[in-house]
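Structure file start-v3.cif (mmCIF, C-alpha atoms) follows.
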data_upload
loop_
_atom_site.label_atom_id
_atom_site.label_comp_id
_atom_site.auth_asym_id
_atom_site.auth_seq_id
_atom_site.Cartn_x
_atom_site.Cartn_y
_atom_site.Cartn_z
CA MET A 1 71.39 103.16 118.11
CA ALA A 2 67.61 102.73 117.85
CA LYS A 3 65.89 101.62 121.05
CA ASN A 4 63.98 98.89 119.17
CA CYS A 5 67.16 97.37 117.73
CA SER A 6 67.88 94.07 119.53
CA THR A 7 71.24 92.35 119.84
CA GLN A 8 69.66 89.26 118.24
CA SER A 9 68.66 91.20 115.13
CA VAL A 10 72.13 92.77 114.90
CA ALA A 11 73.84 89.39 115.31
CA THR A 12 71.67 87.85 112.60
CA ALA A 13 72.30 90.79 110.27
CA VAL A 14 76.07 90.41 110.68
CA ARG A 15 76.12 86.60 110.30
CA GLU A 16 73.94 86.64 107.18
CA TYR A 17 75.53 89.66 105.51
CA GLU A 18 77.12 88.80 102.15
CA GLY A 19 80.25 90.72 103.11
CA VAL A 20 80.76 88.09 105.84
CA THR A 21 79.46 84.93 104.15
CA ARG A 22 81.57 85.39 101.04
CA LYS A 23 84.70 85.00 103.23
CA HIS A 24 83.87 81.34 104.04
CA ALA A 25 85.80 79.98 101.05
CA ILE A 26 89.12 81.48 102.21
CA CYS A 27 90.10 78.46 104.30
CA GLU A 28 89.85 76.04 101.39
CA ILE A 29 91.96 78.32 99.19
CA VAL A 30 94.61 78.59 101.91
CA ARG A 31 94.90 74.81 102.12
CA SER A 32 95.45 74.64 98.36
CA LEU A 33 98.03 77.41 98.08
CA GLN A 34 100.00 77.76 101.32
CA LEU A 35 103.72 77.03 100.95
CA ASP A 36 106.21 77.64 103.75
CA SER A 37 109.25 79.84 103.13
CA SER A 38 111.87 80.99 105.61
CA ASP A 39 111.56 84.62 104.50
CA VAL A 40 107.76 84.72 104.76
CA VAL A 41 107.04 85.89 108.30
CA ALA A 42 103.24 86.02 107.89
CA SER A 43 100.85 85.41 105.04
CA PHE A 44 97.23 84.20 104.94
CA GLY A 45 95.00 85.80 107.55
CA GLU A 46 96.88 89.11 107.50
CA ASP A 47 95.91 92.21 105.53
CA ALA A 48 99.29 91.93 103.80
CA ALA A 49 101.96 89.24 103.63
CA VAL A 50 105.12 90.05 105.57
CA ILE A 51 108.36 89.15 103.77
CA ARG A 52 111.65 89.51 105.61
CA GLN A 53 114.30 91.68 103.95
CA GLY A 54 117.07 92.09 106.52
CA ASP A 55 115.78 94.38 109.27
CA ASN A 56 112.92 95.54 107.05
CA ALA A 57 109.69 93.92 105.90
CA LEU A 58 108.15 93.99 102.46
CA LEU A 59 104.36 94.09 102.69
CA LEU A 60 102.49 92.53 99.77
CA ALA A 61 98.72 92.61 99.35
CA ALA A 62 96.04 92.41 96.67
CA ASP A 63 92.36 93.22 96.64
CA GLY A 64 89.49 93.26 94.18
CA ILE A 65 86.20 95.11 93.89
CA TRP A 66 82.76 93.51 93.73
CA ASN A 67 81.32 93.55 90.22
CA LYS A 68 78.15 95.06 91.77
CA LEU A 69 80.11 98.19 92.61
CA MET A 70 81.78 98.26 89.18
CA GLU A 71 78.37 98.29 87.54
CA ALA A 72 76.84 100.78 89.97
CA ASP A 73 79.64 103.37 89.80
CA PRO A 74 82.87 102.60 87.89
CA TYR A 75 84.60 105.76 89.14
CA TRP A 76 83.96 104.89 92.80
CA ALA A 77 84.97 101.28 92.11
CA GLY A 78 88.31 102.47 90.76
CA PHE A 79 88.82 104.80 93.70
CA CYS A 80 87.95 102.03 96.18
CA GLY A 81 90.27 99.59 94.41
CA VAL A 82 93.17 101.84 95.36
CA LEU A 83 91.73 102.81 98.75
CA VAL A 84 91.32 99.28 100.10
CA ASN A 85 94.87 98.39 99.14
CA ILE A 86 96.27 101.53 100.78
CA HIS A 87 94.39 100.52 103.92
CA ASP A 88 95.80 96.97 103.85
CA ILE A 89 99.33 98.34 104.02
CA ALA A 90 98.39 100.97 106.62
CA ALA A 91 96.74 98.35 108.84
CA MET A 92 100.08 96.50 108.95
CA GLY A 93 101.89 99.68 110.06
CA GLY A 94 103.56 100.22 106.69
CA ASP A 95 104.21 102.78 103.97
CA ALA A 96 102.67 101.98 100.59
CA LEU A 97 105.23 102.14 97.75
CA ALA A 98 103.48 101.29 94.47
CA MET A 99 100.60 99.38 92.87
CA VAL A 100 99.85 97.30 89.78
CA ASP A 101 96.39 96.48 88.47
CA ILE A 102 94.46 94.00 86.34
CA LEU A 103 91.46 95.58 84.63
CA SER A 104 88.81 93.68 82.65
CA PHE A 105 86.05 95.71 81.02
CA THR A 106 83.13 95.53 78.64
CA ASP A 107 83.40 98.97 77.05
CA ASP A 108 85.78 101.90 76.80
CA GLN A 109 83.56 104.37 78.68
CA LEU A 110 83.55 102.14 81.77
CA MET A 111 87.32 101.66 81.46
CA HIS A 112 87.91 105.41 81.40
CA GLU A 113 85.74 105.96 84.49
CA VAL A 114 87.46 103.19 86.46
CA THR A 115 90.93 104.44 85.63
CA ARG A 116 89.90 108.03 86.43
CA GLY A 117 88.87 106.88 89.91
CA MET A 118 92.11 104.92 90.32
CA ALA A 119 94.21 107.89 89.24
CA ASP A 120 92.44 110.31 91.59
CA ALA A 121 92.91 107.97 94.55
CA ALA A 122 96.56 107.29 93.68
CA ARG A 123 97.22 111.04 93.56
CA SER A 124 95.35 111.65 96.82
CA PHE A 125 97.47 109.13 98.72
CA GLY A 126 100.69 109.70 96.79
CA VAL A 127 101.12 106.06 95.76
CA PRO A 128 101.80 105.47 92.03
CA ILE A 129 100.28 102.81 89.79
CA VAL A 130 103.31 101.48 87.92
CA GLY A 131 101.97 98.73 85.66
CA GLY A 132 99.54 95.87 85.31
CA HIS A 133 97.50 94.03 82.73
CA LEU A 134 94.48 94.90 80.57
CA HIS A 135 91.66 92.61 79.38
CA PRO A 136 89.58 94.65 76.90
CA ASN A 137 86.20 93.63 75.46
CA THR A 138 85.45 91.02 78.10
CA PRO A 139 81.90 89.96 79.07
CA TYR A 140 82.51 91.17 82.65
CA ASN A 141 83.89 94.17 84.55
CA VAL A 142 86.55 93.55 87.20
CA ILE A 143 89.32 95.62 88.78
CA ASP A 144 91.98 93.93 90.91
CA ILE A 145 94.97 95.74 92.38
CA ALA A 146 98.13 94.51 94.09
CA ILE A 147 100.24 96.75 96.30
CA LEU A 148 103.75 96.73 97.74
CA GLY A 149 104.64 98.42 101.01
CA THR A 150 107.41 98.42 103.57
CA THR A 151 108.20 99.04 107.21
CA ARG A 152 110.72 97.91 109.78
CA LEU A 153 110.28 94.27 110.69
CA ASP A 154 109.95 95.13 114.37
CA SER A 155 107.19 97.67 113.61
CA VAL A 156 104.75 95.40 111.77
CA ILE A 157 101.22 95.30 113.20
CA TYR A 158 99.71 91.82 112.86
CA SER A 159 96.10 90.64 113.02
CA ASP A 160 96.70 87.62 115.23
CA ARG A 161 98.31 89.18 118.32
CA ALA A 162 95.23 90.33 120.29
CA GLY A 163 95.61 89.42 123.96
CA ASP A 164 93.25 88.62 126.82
CA GLY A 165 92.20 91.88 128.49
CA ASP A 166 93.17 94.10 125.55
CA ALA A 167 90.86 97.02 124.78
CA ILE A 168 89.13 96.95 121.39
CA ILE A 169 89.18 100.33 119.65
CA ALA A 170 87.16 101.37 116.61
CA ALA A 171 88.59 104.36 114.72
CA ILE A 172 86.38 105.72 111.93
CA ASP A 173 86.11 108.98 110.00
CA LEU A 174 82.44 109.92 110.48
CA ASN A 175 82.74 113.10 108.41
CA GLY A 176 81.25 111.74 105.20
CA ARG A 177 78.07 110.54 103.52
CA VAL A 178 76.30 107.43 102.34
CA HIS A 179 77.68 107.07 98.83
CA PRO A 180 74.91 107.99 96.35
CA SER A 181 75.72 105.02 94.07
CA CYS A 182 76.27 102.38 96.75
CA ALA A 183 74.18 102.33 99.91
CA MET A 184 76.61 99.95 101.66
CA ASN A 185 79.55 102.38 101.35
CA TRP A 186 80.29 105.34 103.63
CA ASP A 187 82.29 107.85 101.58
CA SER A 188 84.58 109.83 103.88
CA VAL A 189 87.41 110.21 101.37
CA THR A 190 86.46 111.77 98.03
CA MET A 191 85.71 115.14 99.62
CA LYS A 192 88.94 115.28 101.66
CA ASP A 193 92.24 116.94 100.71
CA SER A 194 95.35 114.82 100.19
CA GLU A 195 97.09 115.88 103.39
CA THR A 196 94.10 114.91 105.52
CA LEU A 197 93.89 111.45 103.91
CA ARG A 198 97.63 110.85 104.16
CA SER A 199 97.74 111.98 107.79
CA GLN A 200 94.95 109.52 108.65
CA VAL A 201 96.73 106.50 107.20
CA ARG A 202 100.04 107.63 108.74
CA VAL A 203 98.57 107.19 112.21
CA MET A 204 98.84 103.43 111.81
CA LYS A 205 102.56 103.59 110.97
CA GLY A 206 103.25 105.62 114.11
CA LEU A 207 101.30 103.18 116.26
CA GLY A 208 103.41 100.34 114.90
CA GLU A 209 106.69 102.15 115.41
CA ASP A 210 105.77 103.02 118.99
CA HIS A 211 104.34 99.54 119.73
CA LEU A 212 101.06 100.99 120.98
CA VAL A 213 98.70 98.35 119.56
CA THR A 214 98.70 94.56 119.76
CA ALA A 215 96.65 93.82 116.61
CA ALA A 216 94.75 95.65 113.87
CA LYS A 217 92.73 95.32 110.69
CA ASP A 218 91.24 97.89 108.37
CA ILE A 219 87.44 97.75 108.35
CA SER A 220 86.48 96.12 105.06
CA ASN A 221 83.45 94.49 103.41
CA PRO A 222 82.44 92.43 106.48
CA GLY A 223 81.74 95.71 108.28
CA ILE A 224 82.73 96.79 111.78
CA ILE A 225 81.67 93.68 113.72
CA GLY A 226 82.59 91.26 110.92
CA THR A 227 86.10 92.74 110.63
CA LEU A 228 86.57 92.46 114.40
CA GLY A 229 85.43 88.85 114.08
CA MET A 230 88.16 88.12 111.54
CA LEU A 231 90.79 89.64 113.87
CA LEU A 232 89.57 87.57 116.81
CA GLU A 233 89.38 84.43 114.69
CA VAL A 234 93.05 84.51 113.68
CA SER A 235 94.05 85.59 117.22
CA MET A 236 92.08 82.60 118.61
CA LYS A 237 90.34 84.92 121.05
CA GLY A 238 86.85 86.14 121.87
CA ALA A 239 85.39 89.45 122.96
CA GLU A 240 82.37 91.25 124.30
CA ILE A 241 81.51 94.59 122.73
CA GLU A 242 78.97 97.26 123.63
CA LEU A 243 76.96 98.26 120.58
CA HIS A 244 76.23 101.77 121.90
CA SER A 245 80.01 102.44 122.03
CA ILE A 246 80.55 101.94 118.29
CA PRO A 247 81.31 105.31 116.62
CA MET A 248 78.50 106.25 114.25
CA PRO A 249 77.28 109.29 112.33
CA ASP A 250 73.81 110.77 112.78
CA LEU A 251 71.89 107.75 111.51
CA GLU A 252 68.53 109.47 111.10
CA ALA A 253 70.03 112.40 109.21
CA ASN A 254 71.75 109.98 106.83
CA GLY A 255 68.66 107.81 106.36
CA ILE A 256 70.22 104.60 107.65
CA THR A 257 69.63 102.20 110.54
CA PHE A 258 72.17 100.93 113.05
CA GLU A 259 72.08 97.47 111.44
CA HIS A 260 72.87 99.15 108.12
CA TRP A 261 75.75 101.13 109.62
CA ILE A 262 77.57 98.18 111.19
CA LYS A 263 77.57 96.37 107.81
CA MET A 264 78.85 99.34 105.80
CA TYR A 265 82.33 99.77 104.37
CA PRO A 266 83.29 102.98 106.25
CA GLY A 267 85.77 104.57 103.81
CA MET A 268 88.42 105.26 106.45
CA GLY A 269 88.30 102.97 109.45
CA PHE A 270 90.33 100.55 111.54
CA ILE A 271 89.69 98.01 114.30
CA LEU A 272 92.56 97.76 116.79
CA THR A 273 93.41 96.07 120.07
CA ALA A 274 95.69 97.67 122.64
CA LYS A 275 96.87 97.28 126.21
CA GLN A 276 94.71 99.34 128.54
CA GLU A 277 97.57 101.73 129.37
CA HIS A 278 97.90 102.72 125.69
CA VAL A 279 94.22 103.37 124.93
CA ASP A 280 94.20 107.13 125.56
CA GLU A 281 97.22 107.74 123.34
CA VAL A 282 95.89 105.58 120.51
CA CYS A 283 92.54 107.40 120.54
CA ARG A 284 94.24 110.80 120.81
CA ARG A 285 96.26 110.20 117.65
CA PHE A 286 93.20 109.28 115.61
CA ARG A 287 91.14 112.16 116.94
CA LYS A 288 93.95 114.56 116.05
CA VAL A 289 93.43 113.72 112.34
CA GLY A 290 89.65 114.04 112.46
CA MET A 291 88.64 110.44 113.16
CA ALA A 292 86.30 109.25 115.91
CA ALA A 293 88.06 106.67 118.10
CA GLN A 294 86.77 104.93 121.20
CA VAL A 295 86.83 101.66 123.10
CA ILE A 296 83.97 99.36 122.12
CA GLY A 297 84.84 96.25 124.13
CA THR A 298 87.43 93.92 125.60
CA VAL A 299 89.24 90.84 124.30
CA ASN A 300 88.77 87.62 126.29
CA GLU A 301 89.73 83.94 126.09
CA THR A 302 86.27 82.55 125.22
CA ARG A 303 86.70 82.41 121.43
CA GLU A 304 83.16 83.80 121.24
CA LEU A 305 82.25 87.25 119.96
CA THR A 306 79.32 88.57 121.99
CA ILE A 307 77.48 91.85 121.55
CA SER A 308 75.53 93.62 124.30
CA TYR A 309 73.11 96.53 124.51
CA GLN A 310 71.26 97.70 127.62
CA GLY A 311 71.77 94.36 129.35
CA ASP A 312 70.74 92.28 126.33
CA LYS A 313 73.52 89.95 125.13
CA THR A 314 73.80 87.74 122.03
CA GLU A 315 76.60 85.60 120.62
CA VAL A 316 77.52 86.50 117.03
CA PHE A 317 80.29 83.95 116.37
CA ASP A 318 81.71 80.95 118.21
CA PHE A 319 85.12 80.50 116.63
CA SER A 320 85.71 77.17 118.35
CA VAL A 321 82.88 75.74 116.22
CA ASP A 322 82.71 77.78 113.05
CA GLY A 323 84.47 80.86 111.76
CA ILE A 324 84.12 83.60 109.19
CA MET A 325 86.91 82.16 107.03
CA GLY A 326 85.68 78.57 107.11
CA PRO A 327 85.17 75.79 109.67
CA SER A 328 87.42 76.06 112.72
CA LYS A 329 88.68 72.48 112.35
CA ASP A 330 90.12 73.30 108.92
CA ARG A 331 92.55 75.78 110.46
CA MET A 332 93.88 73.62 113.29
#
Let me see whether you can do it: turn the structure in this file into structure tokens.
Amino acid sequence: MAKNCSTQSVATAVREYEGVTRKHAICEIVRSLQLDSSDVVASFGEDAAVIRQGDNALLLAADGIWNKLMEADPYWAGFCGVLVNIHDIAAMGGDALAMVDILSFTDDQLMHEVTRGMADAARSFGVPIVGGHLHPNTPYNVIDIAILGTTRLDSVIYSDRAGDGDAIIAAIDLNGRVHPSCAMNWDSVTMKDSETLRSQVRVMKGLGEDHLVTAAKDISNPGIIGTLGMLLEVSMKGAEIELHSIPMPDLEANGITFEHWIKMYPGMGFILTAKQEHVDEVCRRFRKVGMAAQVIGTVNETRELTISYQGDKTEVFDFSVDGIMGPSKDRM
């Protein structure tokens, strides 16, 4: 982290980042769509819905890719469309079973590049695309994918179970590059073999089965701090994190700043909370598959996310007043 990088500048960069601000509409959508069902164990606020099926859980998720990425690099957009869905199931401690997609495109060349990226990612992770819907000759380019996964009901990892005093762990594969077509993406996946990628996502399933973490989310468009904020928001907790503890590549060698790094989509990365006695084992499992993993802070009861660096502290979010996914009062 650069010595001239202040906590105030980092906090402002996170709060104003589009990957964070575009989440504000979620709360209004939830109010419009939420419907209780006895078999739905968890839904909005989780990376995947949890649907009871006897002693097992079906995990259902969907994700889409920004049109900016589609236009910048359709192949990478297709690859990421699969990748982010695989991560949603992994973050819940599950095995991904299959995917379906909805693809809208302006021309055939773009369509072929998107589907090539999707196919390569599906092969890399061993999760088939089994159907979907096609909108040809549209005035826009969009790829949306839905995914089905499964795990035992007692092994699900939720986002809203972080507890006071839990350690916050960031696990990220730093062996990658700034993607040449998208400066806000860290590509740590396209150059890896299938077994490496599959072993990295399998870590989450083992952590769920062994009950070693209290909460988790995959690091997505809001970046490292923004994703942690979403986890704390649904857990109704706060935290203080040390910026210098966040795993990062050689920033100078990659031509990026620290503020850039903490907003990036990291390719393969998770934010987790765990009881202090489980920290060493959680980090060991990630490091075994080539990922950097370390404690970056501690959960507390304040409902405020605070960042610190060399004695300088700044509040990023106060979830008792306003949240990433909409005003706090709308979720009470």
Checklist entry - Excluding same-chain residues fewer than 6 positions from Glu301 in chain A, what lies within 6 Å of it counting all atoms listed in the file, as a list in words? => result Asp164, Lys237 and Gly238 of chain A
Checklist entry - Written as a list in words, what is the full residue list that the PyMOL selection byres ((chain A and resi 201-212) around 7) yields on the file shown? => result Ala90, Ala91, Gly93, Gly94, Ser155, Val156, Ile157, Leu197, Arg198, Ser199, Gln200, Val213, Thr214, Ala274, His278, Val282, Arg285 and Phe286 of chain A
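Counting all atoms listed in the file, the residue from A:Ala77, A:Arg152, A:Ser235, A:Phe44 that sits nearest to Gly64 in chain A is A:Ala77.
CA of Asn85 in chain A to CA of Met268 in chain A spans 11.9 Å [interatomic distance, one decimal].
The gap separating CA of Thr306 in chain A from CA of Gln276 in chain A is 19.9 Å, in Å to one decimal.
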Please produce, as JSON lines, a per-residue contact table for range 279-325 of chain A versus range 243-249 of chain A (criterion: any atom at most 9 Å away, all atoms listed in the file considered), showing the nearest atom pair and its distance in Å to one decimal, sorted by chain then residue number.
{"residue": "A:Ala292", "atom": "CA", "partner": "A:Pro247", "partner_atom": "CA", "distance": 6.4}
{"residue": "A:Ala293", "atom": "CA", "partner": "A:Pro247", "partner_atom": "CA", "distance": 7.0}
{"residue": "A:Gln294", "atom": "CA", "partner": "A:Pro247", "partner_atom": "CA", "distance": 7.1}
{"residue": "A:Val295", "atom": "CA", "partner": "A:Ser245", "partner_atom": "CA", "distance": 6.9}
{"residue": "A:Ile296", "atom": "CA", "partner": "A:Ser245", "partner_atom": "CA", "distance": 5.0}
{"residue": "A:Gly297", "atom": "CA", "partner": "A:Ser245", "partner_atom": "CA", "distance": 8.1}
{"residue": "A:Ile307", "atom": "CA", "partner": "A:Leu243", "partner_atom": "CA", "distance": 6.5}
{"residue": "A:Ser308", "atom": "CA", "partner": "A:Leu243", "partner_atom": "CA", "distance": 6.1}
{"residue": "A:Tyr309", "atom": "CA", "partner": "A:Leu243", "partner_atom": "CA", "distance": 5.8}
{"residue": "A:Gln310", "atom": "CA", "partner": "A:His244", "partner_atom": "CA", "distance": 8.6}
Next on the checklist: Report, in Å with one decimal, the straight-line distance from CA of Asp120 in chain A to CA of Ile219 in chain A.
Outcome noted: 21.5 Å
Next on the checklist: What would the selection look like, as a PyMOL selection string, if the PyMOL selection byres ((chain A and resi 216) around 8) were run on the coordinates I just shared?
Outcome noted: chain A and resi 91-92+157-159+213-215+217-218+231+270-273
How would the residues just picked look written out with C-alpha atoms as an mmCIF file, keeping the file's coordinate frame?
data_model
loop_
_atom_site.group_PDB
_atom_site.id
_atom_site.type_symbol
_atom_site.label_atom_id
_atom_site.label_comp_id
_atom_site.auth_asym_id
_atom_site.auth_seq_id
_atom_site.Cartn_x
_atom_site.Cartn_y
_atom_site.Cartn_z
ATOM 1 C CA ALA A 91 96.740 98.350 108.840
ATOM 2 C CA MET A 92 100.080 96.500 108.950
ATOM 3 C CA ILE A 157 101.220 95.300 113.200
ATOM 4 C CA TYR A 158 99.710 91.820 112.860
ATOM 5 C CA SER A 159 96.100 90.640 113.020
ATOM 6 C CA VAL A 213 98.700 98.350 119.560
ATOM 7 C CA THR A 214 98.700 94.560 119.760
ATOM 8 C CA ALA A 215 96.650 93.820 116.610
ATOM 9 C CA LYS A 217 92.730 95.320 110.690
ATOM 10 C CA ASP A 218 91.240 97.890 108.370
ATOM 11 C CA LEU A 231 90.790 89.640 113.870
ATOM 12 C CA PHE A 270 90.330 100.550 111.540
ATOM 13 C CA ILE A 271 89.690 98.010 114.300
ATOM 14 C CA LEU A 272 92.560 97.760 116.790
ATOM 15 C CA THR A 273 93.410 96.070 120.070
#
Item to check | Selection under test: the PyMOL selection byres ((chain A and resi 266) around 12); residues as a PyMOL selection string | outcome: chain A and resi 80+83-84+87+170-179+182-189+218-224+227+247-249+260-265+267-271+291-292
Write the residues you've just listed into a file as a compact mmCIF listing (two decimals), in the frame of the given file, and include C-alpha atoms for each of them.
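Final output, saved to part_3.txt:
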# COMPACT_ATOMS: atom_id res chain seq x y z
CA CYS A 80 87.95 102.03 96.18
CA LEU A 83 91.73 102.81 98.75
CA VAL A 84 91.32 99.28 100.10
CA HIS A 87 94.39 100.52 103.92
CA ALA A 170 87.16 101.37 116.61
CA ALA A 171 88.59 104.36 114.72
CA ILE A 172 86.38 105.72 111.93
CA ASP A 173 86.11 108.98 110.00
CA LEU A 174 82.44 109.92 110.48
CA ASN A 175 82.74 113.10 108.41
CA GLY A 176 81.25 111.74 105.20
CA ARG A 177 78.07 110.54 103.52
CA VAL A 178 76.30 107.43 102.34
CA HIS A 179 77.68 107.07 98.83
CA CYS A 182 76.27 102.38 96.75
CA ALA A 183 74.18 102.33 99.91
CA MET A 184 76.61 99.95 101.66
CA ASN A 185 79.55 102.38 101.35
CA TRP A 186 80.29 105.34 103.63
CA ASP A 187 82.29 107.85 101.58
CA SER A 188 84.58 109.83 103.88
CA VAL A 189 87.41 110.21 101.37
CA ASP A 218 91.24 97.89 108.37
CA ILE A 219 87.44 97.75 108.35
CA SER A 220 86.48 96.12 105.06
CA ASN A 221 83.45 94.49 103.41
CA PRO A 222 82.44 92.43 106.48
CA GLY A 223 81.74 95.71 108.28
CA ILE A 224 82.73 96.79 111.78
CA THR A 227 86.10 92.74 110.63
CA PRO A 247 81.31 105.31 116.62
CA MET A 248 78.50 106.25 114.25
CA PRO A 249 77.28 109.29 112.33
CA HIS A 260 72.87 99.15 108.12
CA TRP A 261 75.75 101.13 109.62
CA ILE A 262 77.57 98.18 111.19
CA LYS A 263 77.57 96.37 107.81
CA MET A 264 78.85 99.34 105.80
CA TYR A 265 82.33 99.77 104.37
CA GLY A 267 85.77 104.57 103.81
CA MET A 268 88.42 105.26 106.45
CA GLY A 269 88.30 102.97 109.45
CA PHE A 270 90.33 100.55 111.54
CA ILE A 271 89.69 98.01 114.30
CA MET A 291 88.64 110.44 113.16
CA ALA A 292 86.30 109.25 115.91
Next on the checklist: Taking (96.6, 94.6, 92.3) in the coordinates of the supplied file, I want to know which residues reach to within 12 Å of it, counting only C-alpha atoms; could you give the answer as an NGL selection string?
Outcome noted: :A and (60-65 or 78 or 81-86 or 88 or 98-103 or 118 or 129-134 or 142-148)
Next on the checklist: Give me, as JSON, numbers by chain, all polymer residues having an atom no more than 7 Å from range 109-111 of chain A, counting only C-alpha atoms and skipping those fewer than 4 positions away in the same chain.
Outcome noted: {"A": [74, 105, 115]}
